[in-house]
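Following: one structure in structure tokens, then a few remarks.
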Amino acid sequence: WNYDWSGKRVRKERTGGNNMKRKNRRKRIVATAGAAILALHMMACGGTGEESSSSTGDSGQSTQENNTDAQTDGVEEVTLDIFIDSAGENPMTAGIQEDPVAQYIKEQTGVTLNVVLYSNEKAQAMAASGDLYDLNRMDAKYITPLIQAGALQNLDDYMEYAPDLTENFSGMLEYSKEYMSAGNEKVYAIFARGKSEPSALATSRYGNFIRWDWYKEAGSPEIQSVDDFLNLLKTIQTNHPETESGKKTYGISRFNDWGLNHALSDPVIWKYMGQYGINDVASFSIPDLEYIDLYDENHMYWITSEMYFKANQMGLLDPETYTQKNENYTQKINEGQILFSSMEWDWDTLNAELNKTGEDKVVDIPWADTEEFPAWVSRASEFGMSARTYVVSSKCDETKMKGIMRLLNFIFSEDGARTIMNGPKGVTWDYDENGVAVFTDDCIEKMKETPDYLLEQGANRYLSMIGQDYDSYAISAANEGQYIDLRLNNDYVKEHMTDADKDYCAYYNAETPIEVSTNRKNQSTIYEGYINLMPAENPTAVQRSMTKIADYLQQAVPDMVMSDTQDAYDQKYEAIQKQLKELGYDEVTEYFKDAWENAKTEYAKLTAK
């Protein structure tokens, strides 16, 4: 593609094997297809950094002057203020972005990125005032009032500047128009991290993450029950009771600042027992989409609380599990105090250290491949992730609007997504003579010399606004079936496997670590489109009861878990059930049960079009 004098995209001839015809591979998914949703709040945690000095703060208006005279291949250059969070291994800083990926984005779109770092407090204030930056990450619940206040730009009139977005994510745009437009049937919101078809989770996974050598040292027992899991952790704790600095180790720990679902349930349950939260007061079974309320003893809160109660009785539970913040929990992980975590990214620091020798690694130890454990292995985000909602200020002029749409088109395109993940096209990666995306020879050599070379080139810095999900498969025909992130594909993975990786794969008869999950007979897929169709806002009475229930559970469940005896635990569980009814849970759960059934019906209609 190239741009004409007006900034509109026009097709141009590609060279070097790149002249590949795009096709829309979005398959129709029926509501009975098997699974649903992912909790979005985890990846949605925003940064707390300082805002860009080029912003005027609460006004939401930039003091940067747009360079409307400069042209890049006929495109007006423009500086955009982008309200976005920064997290991960290659974080952004506030202000004008000048790394190689940002420079490549400017070359391709004419857009200079001026980052204003996200905070929840700032987002709330902006939602209340309607005074926004140019492109903004905002919670989905704010969309309707912002539309009604006239604060958001209708993007329909500018879609011609985003052909990749409209072609590859038509389902997301249709969803936005029908369900997130305050009844106007226009596109006001764009949802990043889309994945129209399921792909196996290859990064940022949940699971049963334990050091591989320690699992083997414990006798490599098969996990056929929660008790088996706890006994494994107890054996490892007995073998490793203290850290090198003399601190006591614990099998399980958590934190309380990522929302109620994370505080009261463990993702190892989500991964292997096929259940996930619709919200703070209801969950569902992934394989059959059945609604599960808090009156059901098989709700994930109660499965987790009983597991944690047993862990506490065995001396495995960190006593600060329900009181500490994530930063304290992370420090304990990095210091070796915690022997297990269900979140893969918790182990990034330790695994980087272990990889230096390659003899050990923290890996996902699978629970038994039985019907009882239909492991969550793959995911689709058909309409994008609601926690990655982006909106445009209605105050943007024509020059900014065209620039915004070119930027959106870039981040939703395969080339754009691959650049955000792997670094600038033509520098770190390019297409070979067959149109297959590969790392350049120069990049391969430099990665050998400098392990952080891709990060230095800007890779992973803009993941929070990437249009395609971290582990999406490519859309282009020549790359079909391959991950967009080149580091996730089998050839790259096999070449970089450590001795621990090879031993792990050999034990489970797999060629690569991901196949330990994908080879399972009993596995499930989450279709996040269902959760997108749940109400973004709830009736005042329901929301009031939810708040009371959440506050109550935040206190009552930890107290129950820390009970001295099984009888005390059982009595507190019964008291919780009684109190839920008194707090109006009957009305709350009926409301959400109806909403869940309606979401399934609407999903079937939307995906059948």
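Convention: chains lettered A, B, ... in structure tokens order; per-chain residue numbering from 1; ligands numbered from 1 as shown.
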- Fewer than 2 positions away in the same chain doesn't count, so skip those; otherwise give me all residues within 6 Å of region 139-151 of chain A, counting only C-alpha atoms, as an MDAnalysis selection string. chainID A and resid 130 182 386 393:394 536:537
Residues within 6 Å of Asn114 (chain A), only C-alpha atoms, excluding chain neighbours under 2 positions, as a short mmCIF file (atom, residue, chain, number, x, y, z; two decimals) with N, CA and C atoms, in the first residue's frame:
data_model
loop_
_atom_site.label_atom_id
_atom_site.label_comp_id
_atom_site.auth_asym_id
_atom_site.auth_seq_id
_atom_site.Cartn_x
_atom_site.Cartn_y
_atom_site.Cartn_z
N LEU A 80 0.40 12.97 17.63
CA LEU A 80 -0.81 12.58 18.35
C LEU A 80 -0.51 12.32 19.81
N ASP A 81 -1.35 12.87 20.68
CA ASP A 81 -1.27 12.58 22.11
C ASP A 81 -2.05 11.31 22.38
N GLY A 95 6.07 11.11 26.78
CA GLY A 95 6.63 12.06 25.85
C GLY A 95 6.75 11.52 24.44
N ILE A 96 7.48 12.25 23.60
CA ILE A 96 7.68 11.86 22.21
C ILE A 96 8.49 10.57 22.15
#
- Message: At a cut-off of 12 Å, using only C-alpha atoms, what residues contact region 577-586 of chain A? Leave out same-chain residues fewer than 2 positions from it and give the result as a PyMOL selection string.
- Response: chain A and resi 280-282+293-297+302+541-553+556-557+570-575+588-593
Select from region 175-270 of chain A every residue with an atom at most 12 Å from any atom of region 487-499 of chain A, then for each give the shortest pair of atoms and their distance in Å to one decimal, using only C-alpha atoms, rows by chain and rising number, as CSV.
residue,atom,partner,partner_atom,distance
A:Ser199,CA,A:Leu488,CA,11.8
A:Ala200,CA,A:Leu488,CA,10.6
A:Leu201,CA,A:Leu488,CA,10.1
A:Ala202,CA,A:Leu488,CA,6.8
A:Thr203,CA,A:Leu488,CA,8.2
A:Ser204,CA,A:Leu488,CA,11.9
A:Trp212,CA,A:Asp499,CA,11.1
A:Asp213,CA,A:Asp499,CA,11.4
Quick one: contact table of region 250-292 of chain A to region 515-522 of chain A, 12 Å max, nearest atom pair and distance in Å to one decimal per residue, counting only C-alpha atoms, chain and number order, as a Markdown table?
| residue | atom | partner | partner_atom | distance |
| --- | --- | --- | --- | --- |
| A:Lys271 | CA | A:Ser517 | CA | 10.5 |
| A:Tyr272 | CA | A:Asn522 | CA | 9.6 |
| A:Met273 | CA | A:Asn522 | CA | 10.5 |
| A:Gly274 | CA | A:Asn522 | CA | 10.1 |
| A:Pro287 | CA | A:Asn522 | CA | 10.1 |
- Based on DSSP run over this structure's backbone, return all residues of region 390-576 of chain A in strand (DSSP E), as an MDAnalysis selection string. chainID A and resid 390:392 429:431 437:439 523:527
Those residues you just picked out, can you put them in a file as a tab-separated table (two decimals), in the first residue's frame with C-alpha atoms?
chain	number	residue	atom	x	y	z
A	390	TYR	CA	-9.69	2.90	22.48
A	391	VAL	CA	-11.67	6.01	21.65
A	392	VAL	CA	-10.91	9.25	19.79
A	429	TRP	CA	12.58	-9.04	10.18
A	430	ASP	CA	11.36	-9.14	6.59
A	431	TYR	CA	9.75	-11.49	4.06
A	437	ALA	CA	8.18	-13.62	7.55
A	438	VAL	CA	11.67	-14.33	8.93
A	439	PHE	CA	14.26	-12.61	11.06
A	523	GLN	CA	-8.68	-29.16	26.54
A	524	SER	CA	-10.92	-26.16	26.02
A	525	THR	CA	-11.07	-22.82	24.26
A	526	ILE	CA	-12.17	-19.47	25.61
A	527	TYR	CA	-14.21	-17.26	23.28
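In this model, the gap between CA of Arg418 (chain A) and CA of Gly384 (chain A) comes to 17.3 Å.
Straight-line separation from CA of Glu107 (chain A) to CA of Ile411 (chain A): 13.7 Å.
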- Task: Could you tell me, as a PyMOL selection string, which residues of region 200-311 of chain A DSSP assigns to alpha helix (DSSP H) when given the backbone?
- Result: chain A and resi 212-217+226-239+260-264+267-273+300-311
- Selection near Thr235 (chain A), 10 Å with only C-alpha atoms, sequence-local residues under 3 positions removed, as JSON, numbers by chain: {"A": [214, 215, 217, 218, 219, 230, 231, 232, 238, 239, 240, 241, 251]}
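Proximity to Val101 (chain A) at 6 Å, evaluated using only C-alpha atoms and with sequence-adjacent residues fewer than 3 positions away removed, yields Tyr104, Gly423, Pro424 and Gly458 of chain A.
Shortest atom-to-atom contact with Ser119 (chain A) among A:Ala189, A:Ile514, A:Leu165, A:Met138: A:Met138, counting only C-alpha atoms.
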At a cut-off of 6 Å, using only C-alpha atoms, what residues contact region 306-321 of chain A? Leave out same-chain residues fewer than 6 positions from it and give the result as a compact mmCIF listing (two decimals) with N, CA, C and O atoms, in the first residue's frame.
# COMPACT_ATOMS: atom_id res chain seq x y z
N TYR A 250 7.04 -20.69 50.88
CA TYR A 250 5.63 -21.04 50.90
C TYR A 250 5.25 -21.63 49.55
O TYR A 250 5.78 -21.24 48.50
N GLY A 251 4.31 -22.56 49.58
CA GLY A 251 3.86 -23.16 48.34
C GLY A 251 2.96 -22.25 47.55
O GLY A 251 3.00 -22.23 46.31
N ILE A 252 2.12 -21.45 48.24
CA ILE A 252 1.11 -20.62 47.58
C ILE A 252 1.11 -19.23 48.20
O ILE A 252 1.22 -19.07 49.42
N SER A 253 0.96 -18.23 47.35
CA SER A 253 0.79 -16.86 47.81
C SER A 253 -0.05 -16.11 46.78
O SER A 253 -0.16 -16.53 45.63
N ARG A 254 -0.65 -15.01 47.20
CA ARG A 254 -1.45 -14.18 46.29
C ARG A 254 -1.28 -12.72 46.70
O ARG A 254 -0.43 -12.38 47.53
N PHE A 255 -2.13 -11.85 46.16
CA PHE A 255 -2.12 -10.43 46.48
C PHE A 255 -3.54 -9.91 46.30
O PHE A 255 -4.39 -10.59 45.74
N VAL A 561 -10.76 -18.99 55.15
CA VAL A 561 -9.58 -19.76 54.76
C VAL A 561 -8.63 -19.95 55.94
O VAL A 561 -8.01 -21.02 56.09
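Closest to Asp471 (chain A) among A:Asn351, A:Ser378, A:Ser285, A:Asn90 is A:Ser378, based on only C-alpha atoms.
Among the candidates A:Met401, A:Leu350, A:Met159, A:Cys396, the one nearest to Arg211 (chain A) when counting only C-alpha atoms is A:Leu350.
Between Asn409 (chain A) and the candidates A:Thr428, A:Gln337, A:Thr166, A:Ser86, the tightest atom-to-atom separation, counting only C-alpha atoms, involves A:Thr166.
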- Name the residues in contact with Gly110 (chain A) at a cut-off of 8 Å, using only C-alpha atoms, excluding same-chain residues fewer than 2 positions from it; report them as a PyMOL selection string. chain A and resi 71-72+75-78+105-108+112+403
Can I get the selection written as a CSV table (one decimal), in the first residue's frame, with all heavy atoms?
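What follows is the written file result-v9.csv:
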chain,number,residue,atom,x,y,z
A,71,GLN,N,5.4,16.4,4.6
A,71,GLN,CA,4.8,15.3,3.9
A,71,GLN,C,5.7,14.1,3.9
A,71,GLN,O,6.9,14.2,3.7
A,71,GLN,CB,4.5,15.7,2.4
A,71,GLN,CG,3.6,16.9,2.3
A,71,GLN,CD,2.2,16.7,2.6
A,71,GLN,OE1,1.6,15.6,2.2
A,71,GLN,NE2,1.5,17.5,3.4
A,72,THR,N,5.1,12.9,4.0
A,72,THR,CA,5.8,11.6,3.9
A,72,THR,C,5.0,10.8,2.9
A,72,THR,O,4.0,10.3,3.2
A,72,THR,CB,5.9,10.9,5.3
A,72,THR,OG1,6.5,11.7,6.2
A,72,THR,CG2,6.6,9.6,5.1
A,75,VAL,N,1.7,12.1,2.7
A,75,VAL,CA,0.9,12.0,3.9
A,75,VAL,C,1.3,13.2,4.9
A,75,VAL,O,2.4,13.4,5.1
A,75,VAL,CB,1.1,10.7,4.7
A,75,VAL,CG1,0.3,10.7,6.0
A,75,VAL,CG2,0.6,9.5,3.8
A,76,GLU,N,0.3,13.9,5.4
A,76,GLU,CA,0.6,15.0,6.3
A,76,GLU,C,1.1,14.4,7.6
A,76,GLU,O,0.4,13.5,8.2
A,76,GLU,CB,-0.7,15.8,6.6
A,76,GLU,CG,-1.1,16.7,5.4
A,76,GLU,CD,-2.3,17.5,5.8
A,76,GLU,OE1,-3.3,16.9,6.1
A,76,GLU,OE2,-2.3,18.7,5.6
A,77,GLU,N,2.2,14.8,8.1
A,77,GLU,CA,2.7,14.4,9.4
A,77,GLU,C,1.9,15.0,10.5
A,77,GLU,O,1.5,16.2,10.4
A,77,GLU,CB,4.2,14.7,9.5
A,77,GLU,CG,5.1,13.8,8.5
A,77,GLU,CD,6.5,14.0,8.8
A,77,GLU,OE1,6.9,14.7,9.8
A,77,GLU,OE2,7.3,13.4,8.1
A,78,VAL,N,1.8,14.3,11.6
A,78,VAL,CA,1.0,14.8,12.7
A,78,VAL,C,1.5,14.2,14.0
A,78,VAL,O,1.9,13.0,14.0
A,78,VAL,CB,-0.5,14.5,12.5
A,78,VAL,CG1,-0.8,13.0,12.4
A,78,VAL,CG2,-1.4,15.1,13.6
A,105,ILE,N,6.9,3.5,12.7
A,105,ILE,CA,5.5,3.9,12.6
A,105,ILE,C,5.3,5.3,12.0
A,105,ILE,O,4.4,5.5,11.2
A,105,ILE,CB,4.9,3.9,14.1
A,105,ILE,CG1,4.8,2.5,14.6
A,105,ILE,CG2,3.5,4.6,14.1
A,105,ILE,CD1,4.4,2.4,16.1
A,106,LYS,N,6.2,6.2,12.3
A,106,LYS,CA,6.2,7.5,11.7
A,106,LYS,C,6.4,7.4,10.2
A,106,LYS,O,5.7,8.1,9.4
A,106,LYS,CB,7.2,8.4,12.3
A,106,LYS,CG,7.2,9.8,11.8
A,106,LYS,CD,8.2,10.7,12.5
A,106,LYS,CE,8.1,12.1,12.0
A,106,LYS,NZ,9.1,13.0,12.7
A,107,GLU,N,7.4,6.6,9.8
A,107,GLU,CA,7.6,6.4,8.3
A,107,GLU,C,6.4,5.9,7.6
A,107,GLU,O,6.1,6.3,6.5
A,107,GLU,CB,8.8,5.5,8.1
A,107,GLU,CG,10.2,6.1,8.6
A,107,GLU,CD,11.3,5.0,8.6
A,107,GLU,OE1,11.0,3.9,8.1
A,107,GLU,OE2,12.4,5.3,9.1
A,108,GLN,N,5.7,5.0,8.2
A,108,GLN,CA,4.6,4.3,7.5
A,108,GLN,C,3.3,5.0,7.6
A,108,GLN,O,2.5,4.9,6.7
A,108,GLN,CB,4.4,2.9,8.2
A,108,GLN,CG,5.6,2.0,8.0
A,108,GLN,CD,5.9,1.7,6.5
A,108,GLN,OE1,5.0,1.3,5.7
A,108,GLN,NE2,7.2,1.9,6.1
A,112,THR,N,3.7,10.9,14.7
A,112,THR,CA,4.6,10.9,15.8
A,112,THR,C,3.9,10.6,17.1
A,112,THR,O,2.9,11.3,17.4
A,112,THR,CB,5.3,12.3,15.9
A,112,THR,OG1,6.2,12.5,14.8
A,112,THR,CG2,6.2,12.3,17.2
A,403,GLY,N,-4.6,10.8,10.5
A,403,GLY,CA,-3.4,10.2,11.2
A,403,GLY,C,-3.8,9.1,12.1
A,403,GLY,O,-3.1,8.1,12.2
